[in-house]
There are 2 protein chains.
Amino acid sequence: MAGLHDLSKCAVHTMTNKPWSLAECCGHYASAGLGGVSIWRNTVAPEEGGIGLKEATKIVKGSGLAVPAYVRGGFFAAADPSSRQASIDHNKLMLDEAAALGAEQVVLVVGAVPGMPLSEARKQVTDGIAACLDHAAQVGVKMSIEPLHPMYAGDKSCINRMAEARQICEQLRSPWLGIAVDVYHVWWDPDLEHEIKLAGKQNTLFGFHLCDWRLNTRHMLTDRGLIGDGCIDIRCICRLVEDAGFKGFNEIEVFSEQYWAMDQAQYLLLITERYSRLFRR
Amino acid sequence: MAGLHDLSKCAVHTMTNKPWSLAECCGHYASAGLGGVSIWRNTVAPEEGGIGLKEATKIVKGSGLAVPAYVRGGFFAAADPSSRQASIDHNKLMLDEAAALGAEQVVLVVGAVPGMPLSEARKQVTDGIAACLDHAAQVGVKMSIEPLHPMYAGDKSCINRMAEARQICEQLRSPWLGIAVDVYHVWWDPDLEHEIKLAGKQNTLFGFHLCDWRLNTRHMLTDRGLIGDGCIDIRCICRLVEDAGFKGFNEIEVFSEQYWAMDQAQYLLLITERYSRLFRR
């Protein structure tokens, strides 16, 4: 699909339309002319309430949508070695599932442990990722570190800026390891332009997530804004990413109680309108 | 006051005990053996509901407490030049008031403007501070840039790490300009140790604020934790600050609906217990 409202490079995360099943997401996204769907594991894995990998794969392949990302792996930092090994095993399983679904990458929320120094957590994360890279290469699925906003440093991610994600990429040097840039997490960073350029040169720009930062955020997890709701200069960051050579999907990832309460078809229409407006002119 | 529970280097911000008047704060803090009170302008300025500078000064001087900080100046970034000039004038007024109160420093929350690029806001902040420095020297009151957590970059502060505060200090090079380090805002920063050491060498460590980061933060403005409530390794940061040569007050600054709802005398007892436990051993 081309023209004024070209949505072929737009993908939506299933979690954005949380009330919908995977089949509903894929059906609506394909009908709307979107190019891709990024799949959250809760829609797939039976132990998380999903429909099973076989059925999920059938739905996704049938939809004709690309799958830029399978979300979310990571959580490598843990207090004891057996939990760390369990995380590594789980990430390998996710890489297998991603391969079956035809996903380009598994996105990593790397983890953090309350009470553990962030420097120690960062070491454990690096070791955990390193232990998965051969498997990623075998199944042909990339892994992308998603730096999370510093407000999640307590228990979700010890990697809070692109610079720290880059340092791990530089240390492990693998074509299967890169960075997922989410405007929500990194927009405030004075080094953002520099780091995006650098990631372009290092071929580590694997993913790009779009949402917005509401000025009066009511909840730290479930009150993200849709493009245009907040204060992020998204157009500027899009340009930086494009100039750095990024050719992947623009993924819409919004966690929002407000939007989840809406009629999801109406919401999807709003998403595509906001997206199209962003890339017009 | 000395001994096991030496509170002589402890100061409390009046906003920590928001339900109390300035007179109540000073009375209770002095009785508890605290060394200082950091004064928020709402307790002083009549237009903000305060008792007036003359009366405030009498109370503070009468209490025998030191005043490490007068809070909070800044907000230099603004869309139009007349607002920027108004901010500069207001900061000069606050420096005058601080001098009358015997405060060591005015703490700066530097400001940010939704829709204005953070790089532009940072320039305006630097210019605004520069315009106040002669006045600071004249009245003998220091100004300290307080880097605010990145979650406040939308509309409160375009300076979100010690590194960016240091860059302004390096640019303006004045003995009257330094940094106030609040563990809440900077604890997650991988460069924290480096920046604290550097601030020690550059003689810019002007203030040190203590509170904690609650893992499940319920509100981005008014749900800070008291020492021990959260995940910050406060003892480690205290050691870094001490090793960097900091000789000032340890200021307790907590905004918390939960604690404001408590009996404030009981709360102050809890504050001094937590503080004493921190510095024991």
# chains A, B, ... in the order shown; residues from 1 in each chain; ligands from 1

call {"tool": "select_by_dssp", "arguments": {"residues": "range 4-236 of chain B", "states": "helix (DSSP H, G or I)", "output": "PyMOL selection string"}}
result
chain B and resi 14-17+22-32+41-43+46-48+53-63+81-101+118-139+150-152+162-172+183-186+192-201+234-236

call {"tool": "closest_atom_pairs", "arguments": {"of": "chain B", "to": "chain A", "cutoff": "9 Å", "atoms": "only C-alpha atoms", "output": "JSON lines"}}
result
{"residue": "B:Pro114", "atom": "CA", "partner": "A:Cys231", "partner_atom": "CA", "distance": 5.5}
{"residue": "B:Gly115", "atom": "CA", "partner": "A:Cys231", "partner_atom": "CA", "distance": 5.8}
{"residue": "B:Met116", "atom": "CA", "partner": "A:Cys231", "partner_atom": "CA", "distance": 8.7}
{"residue": "B:Pro117", "atom": "CA", "partner": "A:Asp233", "partner_atom": "CA", "distance": 7.7}
{"residue": "B:Leu118", "atom": "CA", "partner": "A:Trp188", "partner_atom": "CA", "distance": 7.4}
{"residue": "B:Ser119", "atom": "CA", "partner": "A:Pro190", "partner_atom": "CA", "distance": 7.5}
{"residue": "B:His149", "atom": "CA", "partner": "A:Pro150", "partner_atom": "CA", "distance": 7.8}
{"residue": "B:Pro150", "atom": "CA", "partner": "A:Trp188", "partner_atom": "CA", "distance": 6.5}
{"residue": "B:Met151", "atom": "CA", "partner": "A:Met151", "partner_atom": "CA", "distance": 6.8}
{"residue": "B:Tyr152", "atom": "CA", "partner": "A:Leu215", "partner_atom": "CA", "distance": 8.6}
{"residue": "B:Ala153", "atom": "CA", "partner": "A:Trp188", "partner_atom": "CA", "distance": 6.3}
{"residue": "B:Gly154", "atom": "CA", "partner": "A:Leu215", "partner_atom": "CA", "distance": 6.0}
{"residue": "B:Asp155", "atom": "CA", "partner": "A:Leu215", "partner_atom": "CA", "distance": 7.1}
{"residue": "B:Cys158", "atom": "CA", "partner": "A:Trp188", "partner_atom": "CA", "distance": 8.0}
{"residue": "B:Asn160", "atom": "CA", "partner": "A:Trp188", "partner_atom": "CA", "distance": 8.1}
{"residue": "B:Glu164", "atom": "CA", "partner": "A:Pro190", "partner_atom": "CA", "distance": 8.3}
{"residue": "B:Trp188", "atom": "CA", "partner": "A:Ala153", "partner_atom": "CA", "distance": 6.3}
{"residue": "B:Asp189", "atom": "CA", "partner": "A:Pro150", "partner_atom": "CA", "distance": 8.1}
{"residue": "B:Pro190", "atom": "CA", "partner": "A:Ser119", "partner_atom": "CA", "distance": 7.5}
{"residue": "B:Trp213", "atom": "CA", "partner": "A:Gly154", "partner_atom": "CA", "distance": 7.9}
{"residue": "B:Arg214", "atom": "CA", "partner": "A:Gly154", "partner_atom": "CA", "distance": 8.3}
{"residue": "B:Leu215", "atom": "CA", "partner": "A:Gly154", "partner_atom": "CA", "distance": 6.0}
{"residue": "B:Asn216", "atom": "CA", "partner": "A:Met220", "partner_atom": "CA", "distance": 8.7}
{"residue": "B:Thr217", "atom": "CA", "partner": "A:Met220", "partner_atom": "CA", "distance": 7.5}
{"residue": "B:Arg218", "atom": "CA", "partner": "A:His219", "partner_atom": "CA", "distance": 7.0}
{"residue": "B:His219", "atom": "CA", "partner": "A:Arg218", "partner_atom": "CA", "distance": 7.0}
{"residue": "B:Met220", "atom": "CA", "partner": "A:Thr217", "partner_atom": "CA", "distance": 7.5}
{"residue": "B:Gly230", "atom": "CA", "partner": "A:Pro114", "partner_atom": "CA", "distance": 8.4}
{"residue": "B:Cys231", "atom": "CA", "partner": "A:Pro114", "partner_atom": "CA", "distance": 5.5}
{"residue": "B:Ile232", "atom": "CA", "partner": "A:Gly115", "partner_atom": "CA", "distance": 7.5}
{"residue": "B:Asp233", "atom": "CA", "partner": "A:Gly115", "partner_atom": "CA", "distance": 7.2}

call {"tool": "closest_residue", "arguments": {"among": "B:Ser38, B:Asn250, B:Thr126, B:Gln85", "to": "Val107 in chain B", "atoms": "only C-alpha atoms"}}
result
B:Ser38

call {"tool": "residues_around", "arguments": {"residues": "His135 in chain B", "least_positions_apart": "6", "cutoff": "10 Å", "atoms": "only C-alpha atoms", "output": "VMD selection string"}}
result
chain B and resid 91 to 93 95 to 96 141 to 142 176

call {"tool": "residues_around", "arguments": {"residues": "range 265-271 of chain A", "least_positions_apart": "5", "cutoff": "8 Å", "atoms": "only C-alpha atoms", "output": "PDB file with N, CA and C atoms, in the first residue's frame"}}
result
ATOM      1  N   HIS A  28      -7.393  -6.795  12.180  1.00  0.00           N
ATOM      2  CA  HIS A  28      -7.599  -5.347  12.090  1.00  0.00           C
ATOM      3  C   HIS A  28      -6.374  -4.634  11.506  1.00  0.00           C
ATOM      4  N   LEU A 226      -0.250   8.447  23.157  1.00  0.00           N
ATOM      5  CA  LEU A 226      -0.158   8.150  21.731  1.00  0.00           C
ATOM      6  C   LEU A 226       0.562   9.345  21.080  1.00  0.00           C
ATOM      7  N   ILE A 227       1.200   9.107  19.953  1.00  0.00           N
ATOM      8  CA  ILE A 227       1.849  10.182  19.188  1.00  0.00           C
ATOM      9  C   ILE A 227       0.983  11.446  19.227  1.00  0.00           C
ATOM     10  N   TYR A 259      -6.599   4.335  26.811  1.00  0.00           N
ATOM     11  CA  TYR A 259      -6.874   3.839  25.460  1.00  0.00           C
ATOM     12  C   TYR A 259      -7.406   2.410  25.458  1.00  0.00           C
TER      13      TYR A 259
END

call {"tool": "residues_around", "arguments": {"residues": "Val60 in chain B", "least_positions_apart": "4", "cutoff": "10 Å", "atoms": "only C-alpha atoms", "output": "PyMOL selection string"}}
result
chain B and resi 22-23+25-27+36-37+39+55-56+64-67+101-102

call {"tool": "write_last_selection", "arguments": {"atoms": "all heavy atoms", "output": "mmCIF file, in the first residue's frame"}}
result
data_model
loop_
_atom_site.group_PDB
_atom_site.id
_atom_site.type_symbol
_atom_site.label_atom_id
_atom_site.label_comp_id
_atom_site.auth_asym_id
_atom_site.auth_seq_id
_atom_site.Cartn_x
_atom_site.Cartn_y
_atom_site.Cartn_z
ATOM 1 N N LEU B 22 6.413 27.438 59.513
ATOM 2 C CA LEU B 22 7.858 27.613 59.692
ATOM 3 C C LEU B 22 8.222 27.591 61.177
ATOM 4 O O LEU B 22 9.222 26.970 61.579
ATOM 5 C CB LEU B 22 8.307 28.937 59.050
ATOM 6 C CG LEU B 22 9.801 29.236 59.149
ATOM 7 C CD1 LEU B 22 10.634 28.166 58.436
ATOM 8 C CD2 LEU B 22 10.120 30.613 58.565
ATOM 9 N N ALA B 23 7.397 28.246 61.983
ATOM 10 C CA ALA B 23 7.676 28.278 63.430
ATOM 11 C C ALA B 23 7.627 26.873 64.027
ATOM 12 O O ALA B 23 8.489 26.493 64.836
ATOM 13 C CB ALA B 23 6.668 29.193 64.133
ATOM 14 N N CYS B 25 8.107 24.030 62.377
ATOM 15 C CA CYS B 25 9.282 23.308 61.866
ATOM 16 C C CYS B 25 10.510 23.649 62.710
ATOM 17 O O CYS B 25 11.194 22.759 63.218
ATOM 18 C CB CYS B 25 9.553 23.674 60.400
ATOM 19 S SG CYS B 25 8.417 22.919 59.207
ATOM 20 N N CYS B 26 10.791 24.942 62.837
ATOM 21 C CA CYS B 26 12.007 25.349 63.542
ATOM 22 C C CYS B 26 11.982 24.887 64.990
ATOM 23 O O CYS B 26 12.996 24.406 65.521
ATOM 24 C CB CYS B 26 12.176 26.871 63.459
ATOM 25 S SG CYS B 26 12.591 27.440 61.801
ATOM 26 N N GLY B 27 10.838 25.027 65.634
ATOM 27 C CA GLY B 27 10.725 24.615 67.034
ATOM 28 C C GLY B 27 11.002 23.121 67.193
ATOM 29 O O GLY B 27 11.837 22.708 68.016
ATOM 30 N N GLY B 36 19.940 21.956 61.221
ATOM 31 C CA GLY B 36 19.503 22.954 60.253
ATOM 32 C C GLY B 36 18.090 22.771 59.738
ATOM 33 O O GLY B 36 17.465 21.724 59.935
ATOM 34 N N VAL B 37 17.633 23.823 59.099
ATOM 35 C CA VAL B 37 16.345 23.794 58.413
ATOM 36 C C VAL B 37 16.540 24.373 57.011
ATOM 37 O O VAL B 37 17.177 25.413 56.847
ATOM 38 C CB VAL B 37 15.276 24.605 59.193
ATOM 39 C CG1 VAL B 37 15.729 26.057 59.408
ATOM 40 C CG2 VAL B 37 13.919 24.580 58.478
ATOM 41 N N ILE B 39 14.603 26.018 53.998
ATOM 42 C CA ILE B 39 13.327 26.737 53.995
ATOM 43 C C ILE B 39 12.730 26.841 52.605
ATOM 44 O O ILE B 39 13.380 27.320 51.676
ATOM 45 C CB ILE B 39 13.531 28.149 54.595
ATOM 46 C CG1 ILE B 39 14.065 28.012 56.029
ATOM 47 C CG2 ILE B 39 12.231 28.943 54.561
ATOM 48 C CD1 ILE B 39 14.434 29.341 56.673
ATOM 49 N N GLU B 55 9.256 38.351 59.783
ATOM 50 C CA GLU B 55 8.833 37.404 60.815
ATOM 51 C C GLU B 55 9.590 36.079 60.656
ATOM 52 O O GLU B 55 10.045 35.489 61.650
ATOM 53 C CB GLU B 55 7.315 37.179 60.664
ATOM 54 C CG GLU B 55 6.687 36.212 61.645
ATOM 55 C CD GLU B 55 6.695 36.695 63.092
ATOM 56 O OE1 GLU B 55 7.005 37.890 63.312
ATOM 57 O OE2 GLU B 55 6.428 35.872 63.988
ATOM 58 N N ALA B 56 9.741 35.631 59.409
ATOM 59 C CA ALA B 56 10.446 34.373 59.147
ATOM 60 C C ALA B 56 11.887 34.448 59.637
ATOM 61 O O ALA B 56 12.401 33.518 60.279
ATOM 62 C CB ALA B 56 10.406 34.043 57.650
ATOM 63 N N GLY B 64 18.279 29.188 66.302
ATOM 64 C CA GLY B 64 19.664 28.739 66.339
ATOM 65 C C GLY B 64 20.026 27.749 65.248
ATOM 66 O O GLY B 64 21.150 27.250 65.178
ATOM 67 N N LEU B 65 19.070 27.440 64.379
ATOM 68 C CA LEU B 65 19.328 26.479 63.295
ATOM 69 C C LEU B 65 20.081 27.138 62.139
ATOM 70 O O LEU B 65 19.857 28.313 61.833
ATOM 71 C CB LEU B 65 18.010 25.925 62.756
ATOM 72 C CG LEU B 65 17.166 25.065 63.710
ATOM 73 C CD1 LEU B 65 15.748 24.897 63.156
ATOM 74 C CD2 LEU B 65 17.827 23.704 63.945
ATOM 75 N N ALA B 66 20.958 26.375 61.540
ATOM 76 C CA ALA B 66 21.571 26.824 60.281
ATOM 77 C C ALA B 66 20.556 26.644 59.146
ATOM 78 O O ALA B 66 19.604 25.874 59.276
ATOM 79 C CB ALA B 66 22.818 26.000 59.986
ATOM 80 N N VAL B 67 20.779 27.380 58.058
ATOM 81 C CA VAL B 67 19.867 27.280 56.902
ATOM 82 C C VAL B 67 20.676 26.910 55.658
ATOM 83 O O VAL B 67 21.150 27.784 54.928
ATOM 84 C CB VAL B 67 19.106 28.598 56.668
ATOM 85 C CG1 VAL B 67 18.069 28.407 55.547
ATOM 86 C CG2 VAL B 67 18.430 29.081 57.931
ATOM 87 N N LEU B 101 17.591 35.517 55.466
ATOM 88 C CA LEU B 101 17.342 34.328 56.286
ATOM 89 C C LEU B 101 18.631 33.651 56.744
ATOM 90 O O LEU B 101 18.590 32.721 57.548
ATOM 91 C CB LEU B 101 16.509 33.309 55.484
ATOM 92 C CG LEU B 101 15.065 33.699 55.160
ATOM 93 C CD1 LEU B 101 14.502 32.814 54.045
ATOM 94 C CD2 LEU B 101 14.182 33.575 56.415
ATOM 95 N N GLY B 102 19.748 34.088 56.196
ATOM 96 C CA GLY B 102 21.023 33.453 56.525
ATOM 97 C C GLY B 102 21.220 32.134 55.806
ATOM 98 O O GLY B 102 21.963 31.259 56.274
#

call {"tool": "decode", "arguments": {"residues": "range 185-202 of chain B", "atoms": "N, CA, C and O atoms", "output": "PDB file, in the first residue's frame"}}
result
ATOM      1  N   HIS B 185      17.065  11.824  42.423  1.00  0.00           N
ATOM      2  CA  HIS B 185      17.171  12.177  41.007  1.00  0.00           C
ATOM      3  C   HIS B 185      18.325  11.486  40.289  1.00  0.00           C
ATOM      4  O   HIS B 185      18.277  11.277  39.087  1.00  0.00           O
ATOM      5  N   VAL B 186      19.371  11.169  41.022  1.00  0.00           N
ATOM      6  CA  VAL B 186      20.617  10.754  40.356  1.00  0.00           C
ATOM      7  C   VAL B 186      21.076   9.325  40.650  1.00  0.00           C
ATOM      8  O   VAL B 186      22.055   8.860  40.067  1.00  0.00           O
ATOM      9  N   TRP B 187      20.383   8.623  41.519  1.00  0.00           N
ATOM     10  CA  TRP B 187      20.894   7.332  41.997  1.00  0.00           C
ATOM     11  C   TRP B 187      21.148   6.321  40.885  1.00  0.00           C
ATOM     12  O   TRP B 187      22.025   5.476  40.991  1.00  0.00           O
ATOM     13  N   TRP B 188      20.390   6.398  39.811  1.00  0.00           N
ATOM     14  CA  TRP B 188      20.419   5.410  38.725  1.00  0.00           C
ATOM     15  C   TRP B 188      21.554   5.666  37.729  1.00  0.00           C
ATOM     16  O   TRP B 188      21.826   4.829  36.869  1.00  0.00           O
ATOM     17  N   ASP B 189      22.210   6.803  37.830  1.00  0.00           N
ATOM     18  CA  ASP B 189      23.145   7.269  36.795  1.00  0.00           C
ATOM     19  C   ASP B 189      24.478   6.507  36.863  1.00  0.00           C
ATOM     20  O   ASP B 189      25.165   6.558  37.876  1.00  0.00           O
ATOM     21  N   PRO B 190      24.855   5.814  35.779  1.00  0.00           N
ATOM     22  CA  PRO B 190      26.125   5.067  35.787  1.00  0.00           C
ATOM     23  C   PRO B 190      27.348   5.963  36.007  1.00  0.00           C
ATOM     24  O   PRO B 190      28.389   5.480  36.414  1.00  0.00           O
ATOM     25  N   ASP B 191      27.194   7.262  35.712  1.00  0.00           N
ATOM     26  CA  ASP B 191      28.324   8.171  35.877  1.00  0.00           C
ATOM     27  C   ASP B 191      28.344   8.849  37.254  1.00  0.00           C
ATOM     28  O   ASP B 191      29.139   9.762  37.488  1.00  0.00           O
ATOM     29  N   LEU B 192      27.484   8.429  38.152  1.00  0.00           N
ATOM     30  CA  LEU B 192      27.336   9.138  39.427  1.00  0.00           C
ATOM     31  C   LEU B 192      28.637   9.242  40.214  1.00  0.00           C
ATOM     32  O   LEU B 192      29.024  10.328  40.663  1.00  0.00           O
ATOM     33  N   GLU B 193      29.330   8.122  40.379  1.00  0.00           N
ATOM     34  CA  GLU B 193      30.562   8.127  41.168  1.00  0.00           C
ATOM     35  C   GLU B 193      31.580   9.089  40.552  1.00  0.00           C
ATOM     36  O   GLU B 193      32.174   9.922  41.243  1.00  0.00           O
ATOM     37  N   HIS B 194      31.741   8.978  39.255  1.00  0.00           N
ATOM     38  CA  HIS B 194      32.663   9.850  38.526  1.00  0.00           C
ATOM     39  C   HIS B 194      32.304  11.326  38.719  1.00  0.00           C
ATOM     40  O   HIS B 194      33.171  12.161  38.994  1.00  0.00           O
ATOM     41  N   GLU B 195      31.026  11.630  38.569  1.00  0.00           N
ATOM     42  CA  GLU B 195      30.600  13.033  38.644  1.00  0.00           C
ATOM     43  C   GLU B 195      30.716  13.591  40.062  1.00  0.00           C
ATOM     44  O   GLU B 195      31.043  14.770  40.241  1.00  0.00           O
ATOM     45  N   ILE B 196      30.441  12.784  41.064  1.00  0.00           N
ATOM     46  CA  ILE B 196      30.569  13.267  42.447  1.00  0.00           C
ATOM     47  C   ILE B 196      32.042  13.574  42.751  1.00  0.00           C
ATOM     48  O   ILE B 196      32.369  14.606  43.338  1.00  0.00           O
ATOM     49  N   LYS B 197      32.921  12.678  42.322  1.00  0.00           N
ATOM     50  CA  LYS B 197      34.366  12.924  42.518  1.00  0.00           C
ATOM     51  C   LYS B 197      34.799  14.220  41.845  1.00  0.00           C
ATOM     52  O   LYS B 197      35.526  15.033  42.419  1.00  0.00           O
ATOM     53  N   LEU B 198      34.319  14.379  40.608  1.00  0.00           N
ATOM     54  CA  LEU B 198      34.680  15.565  39.829  1.00  0.00           C
ATOM     55  C   LEU B 198      34.137  16.829  40.499  1.00  0.00           C
ATOM     56  O   LEU B 198      34.837  17.848  40.599  1.00  0.00           O
ATOM     57  N   ALA B 199      32.913  16.768  40.984  1.00  0.00           N
ATOM     58  CA  ALA B 199      32.323  17.924  41.672  1.00  0.00           C
ATOM     59  C   ALA B 199      33.128  18.263  42.930  1.00  0.00           C
ATOM     60  O   ALA B 199      33.310  19.439  43.267  1.00  0.00           O
ATOM     61  N   GLY B 200      33.618  17.226  43.594  1.00  0.00           N
ATOM     62  CA  GLY B 200      34.466  17.474  44.763  1.00  0.00           C
ATOM     63  C   GLY B 200      35.716  18.251  44.374  1.00  0.00           C
ATOM     64  O   GLY B 200      36.070  19.256  44.995  1.00  0.00           O
ATOM     65  N   LYS B 201      36.348  17.812  43.309  1.00  0.00           N
ATOM     66  CA  LYS B 201      37.573  18.483  42.838  1.00  0.00           C
ATOM     67  C   LYS B 201      37.288  19.900  42.381  1.00  0.00           C
ATOM     68  O   LYS B 201      38.123  20.802  42.534  1.00  0.00           O
ATOM     69  N   GLN B 202      36.133  20.108  41.768  1.00  0.00           N
ATOM     70  CA  GLN B 202      35.800  21.431  41.224  1.00  0.00           C
ATOM     71  C   GLN B 202      35.130  22.336  42.260  1.00  0.00           C
ATOM     72  O   GLN B 202      34.728  23.454  41.932  1.00  0.00           O
TER      73      GLN B 202
END
